[in-house]
Amino acid sequence: MSALLDVKGIETFYGPSQALFGVDLEVGEGEVVALMGRNGMGKTTTISSICGLEKYRSGDVVFKGEDLKTLPSHKIARLGIGLVPEGRRCFPNLTVYENLIAAARTGDWTLDRVSTLFPRLKERFSQYANTLSGGEQQMLAVGRALMTNPDLLILDEATEGLAPVIRQEIWQAVRSLKETGQSILIVDKTLSELLPIADHCIILEKGTTVWKGKPEELTRDIENRYLGV
């Protein structure tokens with residue numbers, strides 16, 4: 001059975017500077033895959049390459065059996081990839097309600113279901129996004145991605161910089177999504193929260209996949225070598 005997302009040997013450049021030197025990863029149906037590595041090792045560039053925000057020069061990205069190389073980012077999104085980007089990037093001058101419906105597509109995820117996942121958002125439907133706290137904006141970014149009813153949800157540092165109580169709300173939401181069978185590719189540094197929900201882990205080092213395995217196979221030596229400060 002083929003993977004939902006299959007990335008093989010992608011190389012991505014920023015102008016003349018090469019950022020990815022051969023990244024391989026797979027996400028299967030209903031799997032949570034953790035994409036890990038120190039800062040600057042290529043995680044966000046990998047996500048940008050998958051989503052068509054940066055064009056990779058070589059290698060392959062196949063999603064639901066379709067080659068994504070020549071597709072623009074909006075068509076990749078329509079195929080069923082929902083991105084929660086690093087830094088949230090909500091539409092500041094739209095209300096919470098308007099943000100949620102801006103790219104909504106018909107499916108199981110509705111306003112009511114997002115409101116159940118994040119009750120705070122329902123209380124703030126009429127507020128502009130730029131009046132929300134950072135944690136509320138993060139919930140909004142996740143909710144907006146879910147409203148596209150994605151086959152694959154990509155979360156790039158969804159808990160970074162948030163207060164501990166808000167981080168826990170985001171992690172609880174991710175655990176709930178896993179229970180529903182949502183396929184997720186997630187970048188986060190909080191291994192204590194990430195590893196218990198991950199089915200597989202990928203580690204990047206200097207733009208290359210250097211380790212793949214299950215969370216229980218991640219030894220202290222590997223962690224110190226590739227993830228330690």
# chains A, B, ... in the order shown; residues from 1 in each chain; ligands from 1
>>> residues_around(residues="region 19-36 of chain A", least_positions_apart="6", cutoff="8 Å", atoms="only C-alpha atoms", output="JSON, numbers by chain")
{"A": [2, 3, 4, 5, 6, 7, 8, 9, 10, 11, 12, 13, 42, 43, 45, 46, 59, 178, 181, 182, 183, 184, 185, 186, 187, 188, 189, 194, 195, 197, 198, 199, 200, 201, 202, 203, 204, 206, 207, 208, 209, 227]}
>>> residues_around(residues="Trp171 (chain A)", least_positions_apart="5", cutoff="12 Å", atoms="only C-alpha atoms", output="list in words")
Leu117, Phe118, Gln138, Met139, Val142, Leu155, Glu157, Ala158, Thr159, Glu160, Leu162, Pro164, Val165, Ile166, Ser176, Leu177, Lys178, Ile186, Asp188, Thr190, Leu191, Ser192, Glu193, Leu194, Leu195, Pro196 and Ile197 of chain A
>>> write_last_selection(atoms="C-alpha atoms", output="PDB file, in the first residue's frame")
ATOM      1  CA  LEU A 117     -12.259  21.415  19.615  1.00  0.00           C
ATOM      2  CA  PHE A 118     -11.454  25.031  20.558  1.00  0.00           C
ATOM      3  CA  GLN A 138      -2.618  29.518  17.110  1.00  0.00           C
ATOM      4  CA  MET A 139      -5.957  27.829  17.756  1.00  0.00           C
ATOM      5  CA  VAL A 142      -5.264  25.152  13.394  1.00  0.00           C
ATOM      6  CA  LEU A 155       1.778  21.593  11.906  1.00  0.00           C
ATOM      7  CA  GLU A 157       5.985  24.550  15.519  1.00  0.00           C
ATOM      8  CA  ALA A 158       2.370  24.825  16.644  1.00  0.00           C
ATOM      9  CA  THR A 159       3.233  25.267  20.341  1.00  0.00           C
ATOM     10  CA  GLU A 160       6.337  27.450  20.101  1.00  0.00           C
ATOM     11  CA  LEU A 162       2.966  29.813  23.920  1.00  0.00           C
ATOM     12  CA  PRO A 164       2.221  26.353  29.201  1.00  0.00           C
ATOM     13  CA  VAL A 165      -1.554  26.193  29.699  1.00  0.00           C
ATOM     14  CA  ILE A 166      -2.175  27.077  26.038  1.00  0.00           C
ATOM     15  CA  SER A 176      -7.874  14.296  19.766  1.00  0.00           C
ATOM     16  CA  LEU A 177      -7.094  14.606  16.056  1.00  0.00           C
ATOM     17  CA  LYS A 178      -4.926  11.493  16.202  1.00  0.00           C
ATOM     18  CA  ILE A 186       4.234  17.712  12.879  1.00  0.00           C
ATOM     19  CA  ASP A 188       7.869  20.494  17.443  1.00  0.00           C
ATOM     20  CA  THR A 190       8.771  19.312  22.941  1.00  0.00           C
ATOM     21  CA  LEU A 191       9.774  15.658  22.787  1.00  0.00           C
ATOM     22  CA  SER A 192       7.898  14.775  25.978  1.00  0.00           C
ATOM     23  CA  GLU A 193       4.617  15.661  24.235  1.00  0.00           C
ATOM     24  CA  LEU A 194       5.597  14.771  20.685  1.00  0.00           C
ATOM     25  CA  LEU A 195       6.966  11.250  21.059  1.00  0.00           C
ATOM     26  CA  PRO A 196       3.927   9.685  22.805  1.00  0.00           C
ATOM     27  CA  ILE A 197       1.635  10.639  19.904  1.00  0.00           C
TER      28      ILE A 197
END
>>> residues_around(residues="Asn93 (chain A)", least_positions_apart="3", cutoff="10 Å", atoms="only C-alpha atoms", output="PyMOL selection string")
chain A and resi 90+96+98-99+127-131
>>> write_last_selection(atoms="C-alpha atoms", output="PDB file, in the first residue's frame")
ATOM      1  CA  CYS A  90      -3.856  34.530  10.509  1.00  0.00           C
ATOM      2  CA  VAL A  96     -12.284  34.775  13.695  1.00  0.00           C
ATOM      3  CA  GLU A  98     -14.110  35.090   8.527  1.00  0.00           C
ATOM      4  CA  ASN A  99     -10.702  33.450   8.996  1.00  0.00           C
ATOM      5  CA  GLN A 127     -13.315  39.574  17.073  1.00  0.00           C
ATOM      6  CA  TYR A 128     -10.614  40.521  14.605  1.00  0.00           C
ATOM      7  CA  ALA A 129      -7.700  38.099  14.542  1.00  0.00           C
ATOM      8  CA  ASN A 130      -5.186  40.791  15.464  1.00  0.00           C
ATOM      9  CA  THR A 131      -6.977  41.312  18.806  1.00  0.00           C
TER      10      THR A 131
END
>>> residues_around(residues="Arg38 (chain A)", least_positions_apart="3", cutoff="8 Å", atoms="only C-alpha atoms", output="VMD selection string")
chain A and resid 41 204 to 205 226 to 229
>>> write_last_selection(atoms="N, CA and C atoms", output="PDB file, in the first residue's frame")
ATOM      1  N   MET A  41      17.967  23.215  10.394  1.00  0.00           N
ATOM      2  CA  MET A  41      18.356  21.961   9.737  1.00  0.00           C
ATOM      3  C   MET A  41      17.492  21.611   8.530  1.00  0.00           C
ATOM      4  N   LEU A 204      16.208  15.429  10.669  1.00  0.00           N
ATOM      5  CA  LEU A 204      17.007  16.110   9.648  1.00  0.00           C
ATOM      6  C   LEU A 204      18.260  16.697  10.273  1.00  0.00           C
ATOM      7  N   GLU A 205      19.338  16.632   9.516  1.00  0.00           N
ATOM      8  CA  GLU A 205      20.608  17.240   9.914  1.00  0.00           C
ATOM      9  C   GLU A 205      21.211  17.875   8.674  1.00  0.00           C
ATOM     10  N   TYR A 226      21.669  14.351  17.498  1.00  0.00           N
ATOM     11  CA  TYR A 226      20.972  15.130  16.490  1.00  0.00           C
ATOM     12  C   TYR A 226      19.991  16.181  17.032  1.00  0.00           C
ATOM     13  N   LEU A 227      19.601  16.045  18.300  1.00  0.00           N
ATOM     14  CA  LEU A 227      18.574  16.943  18.818  1.00  0.00           C
ATOM     15  C   LEU A 227      19.036  17.765  20.008  1.00  0.00           C
ATOM     16  N   GLY A 228      20.157  17.417  20.587  1.00  0.00           N
ATOM     17  CA  GLY A 228      20.645  18.132  21.761  1.00  0.00           C
ATOM     18  C   GLY A 228      21.142  19.517  21.415  1.00  0.00           C
ATOM     19  N   VAL A 229      21.186  20.361  22.432  1.00  0.00           N
ATOM     20  CA  VAL A 229      21.649  21.741  22.235  1.00  0.00           C
ATOM     21  C   VAL A 229      23.147  21.744  22.004  1.00  0.00           C
TER      22      VAL A 229
END
>>> select_by_dssp(residues="region 6-216 of chain A", states="alpha helix (DSSP H)", output="PyMOL selection string")
chain A and resi 43-50+73-80+96-101+111-117+119-123+134-146+164-179+191-197
>>> atom_distance(atom1="CA of Pro85 (chain A)", atom2="CA of Pro72 (chain A)")
16.9 Å
>>> closest_residue(among="A:Gly134, A:Ala173, A:Ile101, A:Lys55", to="Thr116 (chain A)", atoms="only C-alpha atoms")
A:Ala173
>>> atom_distance(atom1="CA of Ala145 (chain A)", atom2="CA of Pro215 (chain A)")
26.2 Å
>>> residues_around(residues="region 74-77 of chain A", least_positions_apart="5", cutoff="12 Å", atoms="only C-alpha atoms", output="JSON, numbers by chain")
{"A": [5, 48, 49, 50, 51, 52, 53, 61, 62, 63, 64, 66, 67, 68, 69, 82, 83, 84, 103, 104, 105, 145, 146, 147, 148, 149, 150, 151, 152, 153, 154]}
>>> closest_residue(among="A:Gly161, A:Phe91, A:Thr106, A:Leu71", to="Ala141 (chain A)", atoms="only C-alpha atoms")
A:Phe91
>>> select_by_dssp(residues="region 76-187 of chain A", states="strand (DSSP E or B)", output="PyMOL selection string")
chain A and resi 81-84+95+128+152-156+183-187
>>> closest_residue(among="A:Thr44, A:Ser58, A:Ser115, A:Asn39", to="Glu86 (chain A)", atoms="only C-alpha atoms")
A:Thr44
>>> atom_distance(atom1="CA of Leu121 (chain A)", atom2="CA of Arg89 (chain A)")
16.1 Å
>>> residues_around(residues="Arg124 (chain A)", least_positions_apart="6", cutoff="9 Å", atoms="only C-alpha atoms", output="PyMOL selection string")
chain A and resi 95-97+132
